[in-house]
Each structure stands twice: as structure tokens, then as C-alpha cells.
Amino acid sequence: MMARNISVCKYNAIMPLRSYSTSFSVKGKVGIRLNFENEVKCLDDAVTLFHRMVRMKPLPVFGQLFKTMINMKHYASVISLFREMRKLDIPIDEFILNNVINNYCLMHRVDCAFSLLPIYLKSGIPFDVVTFTTLIRGLFAENKVINAIVLFKKLVRDKICEPDEIMYGTVINGLSKRGHTQKTLSLLRLMEQGNTKPNIYIYNIVIDAFCKDRHLDAAINLLNEMKQKGIPPDIVTYSSLIDGLCKLGQSEKVKTLLSEMVNLNIYPDVYIFTMVIDGLCKEGKIEDAEEVMKHMVGKGVEPDIMTYNAIMDGYCLRGQLYRAKRIFDVLIGKGIEPSIFSYNILINGFCKEKKVAEAMQLFVEISQKGLKPDTVTYNTILHGLFEVGRIGDAKRVYAEMLSVGPKPNICTHSTVIDGYFRYGLVEEAMSLFKKLERKRENTNIAFYTVVINGLCKNGKLDEAHSVFEKLSLIGLPPDVRAYNTMITGFCLQGLLDEANSMLRKMEKNRCLPNNVTYNVFVQGCLRWSKFSEMRTFMKEMADRGFSFDASTAGFLVNVVRENPSVLDMIPELHSKNKY
DNA sequence: TTAGGGTTAG
């Protein structure tokens, strides 16, 4: 296979170029554009063509070659060819510069993209809306949201360039993908007052943001609004809405929207069918999902890897791993390449069922198939290995990840620290925790809760409490899980007063206790025979509409079995309706 | 040359 690719590349590179050229005229400039789209199949072709182009007279247009290389993701080579052009004194135009800026943005080097701006000034090339739209997208891609907005506002305020629909779309999309849904709506409203009116793209981005936030009412209001304004919704509008409704399990509304779009002659594509299939699978209705898959094939829409991934995940969620694996074999049989998601889904399925040997086999297969395990793969395997107590293997996999794998994220750190604590490796857990704190790694409240829980479970309540106390100081106010973990720690040690004052503290800090909070406290009372406190507490619990969970009920059964007089000490336990 | 929709992990 490889040998054939090389020979095709060499053949393409020596094709006579003149026969593929056309002349064009833009803004009064005449040039020769080479029509090579189907001829440049690999980097070799592109570089060979570049070296032929630089010798041509008159010089042809280079921008399209760069665009082709960007599409092939040969970003570093674009930069070296651009530098070569500069050395050869080949004139640069706005197409080349905009493409190189885009290239740097795609490399996540927006700083380098900005450093090209002086070339525009030196070469007398005016900045245009494309340049700035590309830079704004580059800033968003690196999560530099404030910089993106500052740049956008400066462009408008200083009248450097008039934003078009695409620039607005880029800003609104950047904001929506980073959780600023309300701001996307504000910008849409702002557009209504200006010269550039919101179009279908703008509406679709805002509708999608509301759907992702599960605010389907707001999304449907916008759908009606765009219809009223004479902007007809398209397949993307419907796909966002259908996905949002599927994720909320509102199958009746999904059916309504599906028939509405078909009435408008918009037919569901593989995206929409996959969303419906995924929604059904997540609800455990795989038989229905399989029916939808048959239906789509009947309509001439072929399932792709994401459709199969949804079905595989559905079977994994029901613990039917071997059916999931059969789907995996079927898609390979059909010539569909599994993605890293396919492997992750199966590995997760096997790990959840504690079949870690099978999971490890798939993990090894990933590299053999020319794919690379990603952070999710490592996190899933690490969790699976710790879960079954294969600590040595977990440590080996973690070391492999640190040396040759993807960069660990907060989920990796939480999994490893939790794993260490669970097997009493307190020193290793704390040393990793302190190292991450020193490096100012990204942390969140869930990560700290893992540490607090680990310390509590290993009898280090004071240390856990001091970590808990500093949470608000470092800008991570404890959530209900963090409070529950700390309350559990106090209850395990019999410090019921401290647990109670923690419960009052959470209410004072406007973090409402939940069913777990009360159950943890009740179990603490039972464990330490604090029956009078328990009676007071049970009343508060019932008043707030909470009840015993399965864990408390099991605990209670054991306590009563050992000491039946508990039932006399807590007469409320006879009241079956309440507890 | 620059904007919109689908899958996995703690």
C-alpha cells in the first residue's frame, strides 16, 4: 500500500503543469492560477510543485498551493516554504499572507500569526476582514477569549474594518463554544441594530448554544423567530434542536421536528440519524436504535463510524460487551476504519465489567492499527486497572503515558491520586498532589474532593480538613460533594458535632445539603450509637423531603440485627411512610 | 483565503 502511494506521488510531481493553468484577473491584477487540486496528493507533490513554481515566469499564484497544504495539515512545511519565498524575494500577496496566518492559527501559534502583521504594512497590503477573522478564530482556539473580544471591539470602535457576517459568526461561535451563551444572544441582538443582519449561520450557532445548555425553549423561540423573519431553517438548525431534544429524552418532540423538516423537503442525514440513535442507546433502547439504523440504510443514508460508536456504547452501557465487540467486527468487515473513540468505548465497556484483560488487549491493538491512544484511553485504562487492584500495571501505564503518551489532564490526576489512596499509598498520592499544586496545574473542586476523600479514608482527617479549609481561598468554593466528603470523614471518626457544624456551614454558604448529606449523617449516628441526635435529625430530614437510601437501609438492618433495642430507642423507624 | 450540527474517561 505504502509503495503504491509513493509511486503515485512521484508521478503527480512530474506532470506537466502548463496544461493545468488558467489566467485570471482580480482587482485589476492578472495572474496565472495552476489547477492542481487533484494532482497534489502528498507533501512530496506539494514541495516539488513549489520548486517548479518559483522558477516559472511569470510567477504563478502560490496562495492555492498553501491552502492545499493546509488542508493536508502540513503546517510546518507551509512555514518553511513561506520562508523560502521570502528569501527568494518572491512577491507576497494577501492570499498568501492570510493563508500563512491561518496556518499559524491552526498550529495554535496565534502569537506567530500576529508577528506577520508588519509584513502587510511593509508590503503595502491592506489588512482585510479575512485577516482579522482568522486571527480572532486563532485566539479563540487557544482559549484567549478576552483577547479575541478586545480585538473585535477595537476593530469596530477604531473602524479598522467593518465586520461581516463571517466575522460575527466567528466571534459568536467562539463565545458559544466556551459557554457564553447569553453573550451570543446579545451579539445577535446587536447585529439586528447594525448594517450586518443575522443570517442562518448566526441563528444556527445561537440555537446550538441554547440546545447544548439544555434551554430548548429558548432555542425553539429562536427557531420561530427566524421563520418569522423569513430565514428558513436548514438541516443544521434541525440537527441542533433534535440533538438537544434527544439528550433530554423528549422523543415525541423529536418526532414532531423530524416530520416538520421532512415537510420542508429537508431529509435527515447521517448526523441526525446518529443523534437519534445515540439518544435511544443512552436510554437503553438499543432495539429501537437498531430499527432506526435499518430505516436510515433503507433511505440510502449509510451509517458511519460515529453511528456504529453510538450503538457500541449502547450495548456497553447495558453490559452486553460481546454484542458491542461484534458490532466492532462488523464495521471492520465493512471496511470502516474504527476511530480512537471506538476503542475507548469498548475499553470503557470492558473496564466497567472488570474485564481488564480484554481492555488491555484492545489497548495494545490501538497502536498496532496505526492509531494513537489519547488521554481518554489512558484515563479509562488507568481507572480500570486501579478498580481491580492491578496497581503495578496501573503505575506502568501511567509511566508510559508520562513518557510517550498524551499529556495527562485533570481527570488523569484525579484517577491516579484516587487509585493511590484506595490502596493506602498515601505518600505517593500526596507527593503527586503537591507536585501538581507546585506546578499550578489546572485543578477543580472534583480533584480536591478526591484528595480530601483519600485523606479521610486513610485516617488523616486533620490534613483533609486543612485542604478543605483552603478551598475557598484558592477560588474553588466547596460544592455539595466536597461538603459530603468532609462530613463523611467526620462521621467515620465519630466527630458528629463537627459533622453537624459542617452541615450548618454549607447552608450558610448557600450550598444546599442533598439526600447523600443526610444519609451520611444518619449512618454516622447509627455507627456511633447517637440515637437521640439521630431522632432530631430524622425529623429535619423528613421535613425536607429526604429519605433513607439503600446504603443507609442496609446499614440499619445490620445495626438492628445486632441490637434490636435500637427500634425502641428510635420509634420513628416504625413509621414506614416517612423513611 | 475567514463562520454553523453527531460519539468516549474521573
# chains A, B, ... in the order shown; residues from 1 in each chain; ligands from 1
call {"tool": "closest_atom_pairs", "arguments": {"of": "segment 104-182 of chain A", "to": "chain B", "cutoff": "10 Å", "atoms": "only C-alpha atoms (C1' of nucleotides)", "output": "Markdown table"}}
result
| residue | atom | partner | partner_atom | distance |
| --- | --- | --- | --- | --- |
| A:Asp128 | CA | B:DT2 | C1' | 9.9 |
| A:Val129 | CA | B:DT2 | C1' | 7.5 |
| A:Val130 | CA | B:DT2 | C1' | 4.5 |
| A:Thr131 | CA | B:DT2 | C1' | 7.2 |
| A:Phe132 | CA | B:DT2 | C1' | 8.1 |
| A:Thr133 | CA | B:DT2 | C1' | 5.3 |
| A:Thr134 | CA | B:DT2 | C1' | 5.4 |
| A:Leu135 | CA | B:DT2 | C1' | 9.1 |
| A:Ile136 | CA | B:DT2 | C1' | 9.6 |
| A:Arg137 | CA | B:DT2 | C1' | 8.6 |
| A:Asp164 | CA | B:DA3 | C1' | 9.8 |
| A:Glu165 | CA | B:DA3 | C1' | 7.4 |
| A:Ile166 | CA | B:DA3 | C1' | 4.5 |
| A:Met167 | CA | B:DA3 | C1' | 6.6 |
| A:Tyr168 | CA | B:DA3 | C1' | 7.4 |
| A:Gly169 | CA | B:DA3 | C1' | 4.3 |
| A:Thr170 | CA | B:DA3 | C1' | 4.7 |
| A:Val171 | CA | B:DA3 | C1' | 8.3 |
| A:Ile172 | CA | B:DA3 | C1' | 8.6 |
| A:Asn173 | CA | B:DA3 | C1' | 7.4 |
| A:Gly174 | CA | B:DA3 | C1' | 9.7 |
call {"tool": "select_by_dssp", "arguments": {"residues": "segment 12-224 of chain A", "states": "helix (DSSP H, G or I)", "output": "PyMOL selection string"}}
result
chain A and resi 12-13+18-20+43-53+63-71+75-87+94-106+110-114+117-123+129-141+145-157+165-177+181-193+200-212+216-224
call {"tool": "write_last_selection", "arguments": {"atoms": "C-alpha atoms", "output": "tab-separated table (two decimals), in the first residue's frame"}}
result
chain	number	residue	atom	x	y	z
A	12	ASN	CA	1.94	13.57	-9.80
A	13	ALA	CA	5.01	15.66	-9.15
A	18	ARG	CA	1.27	24.36	-18.09
A	19	SER	CA	-1.64	22.27	-19.29
A	20	TYR	CA	-3.35	22.84	-15.92
A	43	LEU	CA	3.68	16.62	0.76
A	44	ASP	CA	6.26	15.47	-1.81
A	45	ASP	CA	3.97	16.61	-4.65
A	46	ALA	CA	3.43	19.99	-2.97
A	47	VAL	CA	7.13	20.68	-2.36
A	48	THR	CA	8.16	19.57	-5.86
A	49	LEU	CA	5.43	21.75	-7.35
A	50	PHE	CA	6.55	24.70	-5.23
A	51	HIS	CA	10.11	24.42	-6.54
A	52	ARG	CA	8.87	24.32	-10.10
A	53	MET	CA	6.57	27.29	-9.47
A	63	GLY	CA	-1.86	31.00	-2.24
A	64	GLN	CA	-3.78	27.98	-3.52
A	65	LEU	CA	-0.77	25.69	-3.04
A	66	PHE	CA	-0.54	26.82	0.59
A	67	LYS	CA	-4.27	26.24	1.03
A	68	THR	CA	-3.91	22.71	-0.33
A	69	MET	CA	-1.02	22.01	2.05
A	70	ILE	CA	-3.04	23.41	4.98
A	71	ASN	CA	-5.91	21.09	4.05
A	75	TYR	CA	1.57	23.16	8.67
A	76	ALA	CA	5.33	23.13	9.39
A	77	SER	CA	6.10	22.72	5.68
A	78	VAL	CA	3.90	25.73	4.81
A	79	ILE	CA	6.07	27.82	7.12
A	80	SER	CA	9.33	26.60	5.60
A	81	LEU	CA	8.10	27.21	2.04
A	82	PHE	CA	6.88	30.68	3.04
A	83	ARG	CA	10.34	31.47	4.48
A	84	GLU	CA	11.92	30.22	1.26
A	85	MET	CA	9.66	32.57	-0.73
A	86	ARG	CA	10.79	35.48	1.44
A	87	LYS	CA	14.44	34.55	0.92
A	94	GLU	CA	-2.89	38.96	0.71
A	95	PHE	CA	-3.92	35.40	-0.22
A	96	ILE	CA	-0.54	34.03	0.77
A	97	LEU	CA	-0.37	36.06	3.97
A	98	ASN	CA	-3.90	35.17	5.04
A	99	ASN	CA	-3.19	31.52	4.41
A	100	VAL	CA	0.04	31.63	6.42
A	101	ILE	CA	-1.79	33.41	9.25
A	102	ASN	CA	-4.46	30.73	9.16
A	103	ASN	CA	-1.71	28.10	9.10
A	104	TYR	CA	-0.14	29.51	12.31
A	105	CYS	CA	-3.59	29.67	13.93
A	106	LEU	CA	-4.21	26.02	13.10
A	110	VAL	CA	-1.54	32.78	17.20
A	111	ASP	CA	1.48	34.76	18.52
A	112	CYS	CA	3.40	33.89	15.34
A	113	ALA	CA	0.31	34.77	13.28
A	114	PHE	CA	0.28	38.29	14.81
A	117	LEU	CA	1.17	41.75	10.54
A	118	PRO	CA	4.18	44.08	9.92
A	119	ILE	CA	4.69	42.34	6.55
A	120	TYR	CA	1.32	43.73	5.41
A	121	LEU	CA	2.47	47.26	6.28
A	122	LYS	CA	5.91	46.84	4.69
A	123	SER	CA	4.45	45.35	1.50
A	129	VAL	CA	-11.75	41.27	7.20
A	130	VAL	CA	-10.41	37.80	6.38
A	131	THR	CA	-7.10	38.51	8.16
A	132	PHE	CA	-8.81	39.62	11.35
A	133	THR	CA	-11.47	36.92	11.27
A	134	THR	CA	-8.69	34.35	11.03
A	135	LEU	CA	-6.80	35.94	13.95
A	136	ILE	CA	-9.97	36.06	16.09
A	137	ARG	CA	-10.57	32.38	15.40
A	138	GLY	CA	-6.93	31.66	16.30
A	139	LEU	CA	-7.32	33.47	19.63
A	140	PHE	CA	-10.48	31.52	20.46
A	141	ALA	CA	-8.75	28.25	19.51
A	145	VAL	CA	-11.43	34.73	24.80
A	146	ILE	CA	-10.71	38.17	26.30
A	147	ASN	CA	-8.02	38.91	23.68
A	148	ALA	CA	-10.43	37.87	20.91
A	149	ILE	CA	-13.15	40.17	22.22
A	150	VAL	CA	-10.73	43.07	22.78
A	151	LEU	CA	-9.51	42.72	19.18
A	152	PHE	CA	-13.06	42.52	17.82
A	153	LYS	CA	-14.16	45.62	19.77
A	154	LYS	CA	-11.05	47.54	18.68
A	155	LEU	CA	-11.74	46.73	15.03
A	156	VAL	CA	-15.27	48.08	15.35
A	157	ARG	CA	-14.51	51.07	17.60
A	165	GLU	CA	-21.40	38.00	8.76
A	166	ILE	CA	-18.42	35.66	8.89
A	167	MET	CA	-16.57	37.73	11.47
A	168	TYR	CA	-19.70	37.96	13.63
A	169	GLY	CA	-20.18	34.22	13.14
A	170	THR	CA	-16.61	33.56	14.26
A	171	VAL	CA	-16.98	35.69	17.40
A	172	ILE	CA	-20.39	34.27	18.27
A	173	ASN	CA	-19.20	30.71	17.69
A	174	GLY	CA	-16.07	31.29	19.78
A	175	LEU	CA	-18.20	32.59	22.65
A	176	SER	CA	-20.81	29.84	22.36
A	177	LYS	CA	-18.26	27.02	22.42
A	181	THR	CA	-24.48	31.51	25.57
A	182	GLN	CA	-26.16	34.71	26.78
A	183	LYS	CA	-23.42	36.80	25.16
A	184	THR	CA	-24.05	35.07	21.82
A	185	LEU	CA	-27.68	36.13	22.05
A	186	SER	CA	-26.67	39.69	22.97
A	187	LEU	CA	-24.43	39.85	19.89
A	188	LEU	CA	-27.26	38.54	17.71
A	189	ARG	CA	-29.46	41.36	19.05
A	190	LEU	CA	-26.65	43.87	18.45
A	191	MET	CA	-26.37	42.72	14.84
A	192	GLU	CA	-30.09	43.38	14.33
A	193	GLN	CA	-29.43	47.06	15.08
A	200	ILE	CA	-28.82	31.45	9.07
A	201	TYR	CA	-25.29	30.76	10.37
A	202	ILE	CA	-25.70	33.21	13.23
A	203	TYR	CA	-29.10	31.77	14.22
A	204	ASN	CA	-27.77	28.23	14.00
A	205	ILE	CA	-24.81	28.96	16.28
A	206	VAL	CA	-27.01	30.61	18.93
A	207	ILE	CA	-29.68	27.90	18.67
A	208	ASP	CA	-26.99	25.22	19.07
A	209	ALA	CA	-25.58	27.02	22.15
A	210	PHE	CA	-29.02	27.03	23.82
A	211	CYS	CA	-29.56	23.37	22.90
A	212	LYS	CA	-26.20	22.41	24.44
A	216	LEU	CA	-34.70	24.04	24.46
A	217	ASP	CA	-37.49	26.57	24.98
A	218	ALA	CA	-35.13	29.44	24.18
A	219	ALA	CA	-33.80	27.53	21.16
A	220	ILE	CA	-37.31	26.86	19.82
A	221	ASN	CA	-38.23	30.53	20.34
A	222	LEU	CA	-35.28	31.45	18.12
A	223	LEU	CA	-36.39	28.87	15.54
A	224	ASN	CA	-39.80	30.57	15.40
call {"tool": "atom_distance", "arguments": {"atom1": "atom CA of Val297 of chain A", "atom2": "atom CA of Lys334 of chain A"}}
result
13.7 Å
call {"tool": "closest_residue", "arguments": {"among": "A:Gln320, A:Asn558, A:Ser501, A:Asn379", "to": "chain B", "atoms": "only C-alpha atoms (C1' of nucleotides)"}}
result
A:Asn379
call {"tool": "closest_residue", "arguments": {"among": "A:Leu382, A:Ile345, A:Cys511, A:Val557", "to": "chain B", "atoms": "only C-alpha atoms (C1' of nucleotides)"}}
result
A:Ile345
call {"tool": "residues_around", "arguments": {"residues": "Lys369 of chain A", "least_positions_apart": "6", "cutoff": "12 Å", "atoms": "only C-alpha atoms (C1' of nucleotides)", "output": "count of residues only"}}
result
8
call {"tool": "atom_distance", "arguments": {"atom1": "atom CA of Thr488 of chain A", "atom2": "atom CA of Asp543 of chain A"}}
result
21.9 Å
call {"tool": "atom_distance", "arguments": {"atom1": "atom CA of Thr485 of chain A", "atom2": "atom CA of Tyr398 of chain A"}}
result
26.5 Å
call {"tool": "residues_around", "arguments": {"residues": "Gly389 of chain A", "least_positions_apart": "2", "cutoff": "12 Å", "atoms": "only C-alpha atoms (C1' of nucleotides)", "output": "VMD selection string"}}
result
chain A and resid 354 356 382 to 387 391 to 395 419 to 424
call {"tool": "residues_around", "arguments": {"residues": "segment 519-536 of chain A", "least_positions_apart": "5", "cutoff": "7 Å", "atoms": "only C-alpha atoms (C1' of nucleotides)", "output": "JSON, numbers by chain"}}
result
{"A": [488, 491, 492, 494, 548, 549, 552, 569, 570]}
call {"tool": "write_last_selection", "arguments": {"atoms": "N, CA and C atoms", "output": "PDB file, in the first residue's frame"}}
result
ATOM      1  N   THR A 488     -18.609  13.026  55.727  1.00  0.00           N
ATOM      2  CA  THR A 488     -18.369  11.580  55.851  1.00  0.00           C
ATOM      3  C   THR A 488     -17.115  11.339  56.684  1.00  0.00           C
ATOM      4  N   CYS A 491     -17.913  11.877  60.280  1.00  0.00           N
ATOM      5  CA  CYS A 491     -18.794  10.820  60.784  1.00  0.00           C
ATOM      6  C   CYS A 491     -18.020   9.521  61.014  1.00  0.00           C
ATOM      7  N   LEU A 492     -17.089   9.212  60.103  1.00  0.00           N
ATOM      8  CA  LEU A 492     -16.315   7.967  60.243  1.00  0.00           C
ATOM      9  C   LEU A 492     -15.505   7.965  61.540  1.00  0.00           C
ATOM     10  N   GLY A 494     -16.428   9.532  64.268  1.00  0.00           N
ATOM     11  CA  GLY A 494     -17.320   9.756  65.415  1.00  0.00           C
ATOM     12  C   GLY A 494     -17.440  11.219  65.825  1.00  0.00           C
ATOM     13  N   PHE A 548     -34.195   7.659  53.558  1.00  0.00           N
ATOM     14  CA  PHE A 548     -33.051   6.741  53.630  1.00  0.00           C
ATOM     15  C   PHE A 548     -32.775   6.162  52.243  1.00  0.00           C
ATOM     16  N   ASP A 549     -31.488   6.058  51.906  1.00  0.00           N
ATOM     17  CA  ASP A 549     -31.160   5.382  50.644  1.00  0.00           C
ATOM     18  C   ASP A 549     -30.810   3.923  50.929  1.00  0.00           C
ATOM     19  N   THR A 552     -28.063   3.284  53.563  1.00  0.00           N
ATOM     20  CA  THR A 552     -28.482   3.505  54.956  1.00  0.00           C
ATOM     21  C   THR A 552     -29.402   2.370  55.414  1.00  0.00           C
ATOM     22  N   MET A 569     -35.465   2.565  70.757  1.00  0.00           N
ATOM     23  CA  MET A 569     -34.871   3.884  71.013  1.00  0.00           C
ATOM     24  C   MET A 569     -35.245   4.896  69.929  1.00  0.00           C
ATOM     25  N   ILE A 570     -35.552   4.383  68.736  1.00  0.00           N
ATOM     26  CA  ILE A 570     -35.939   5.304  67.641  1.00  0.00           C
ATOM     27  C   ILE A 570     -37.319   4.875  67.140  1.00  0.00           C
TER      28      ILE A 570
END
call {"tool": "closest_residue", "arguments": {"among": "A:Met275, A:Ile327, A:Met107, A:Ala399", "to": "chain B", "atoms": "only C-alpha atoms (C1' of nucleotides)"}}
result
A:Met275
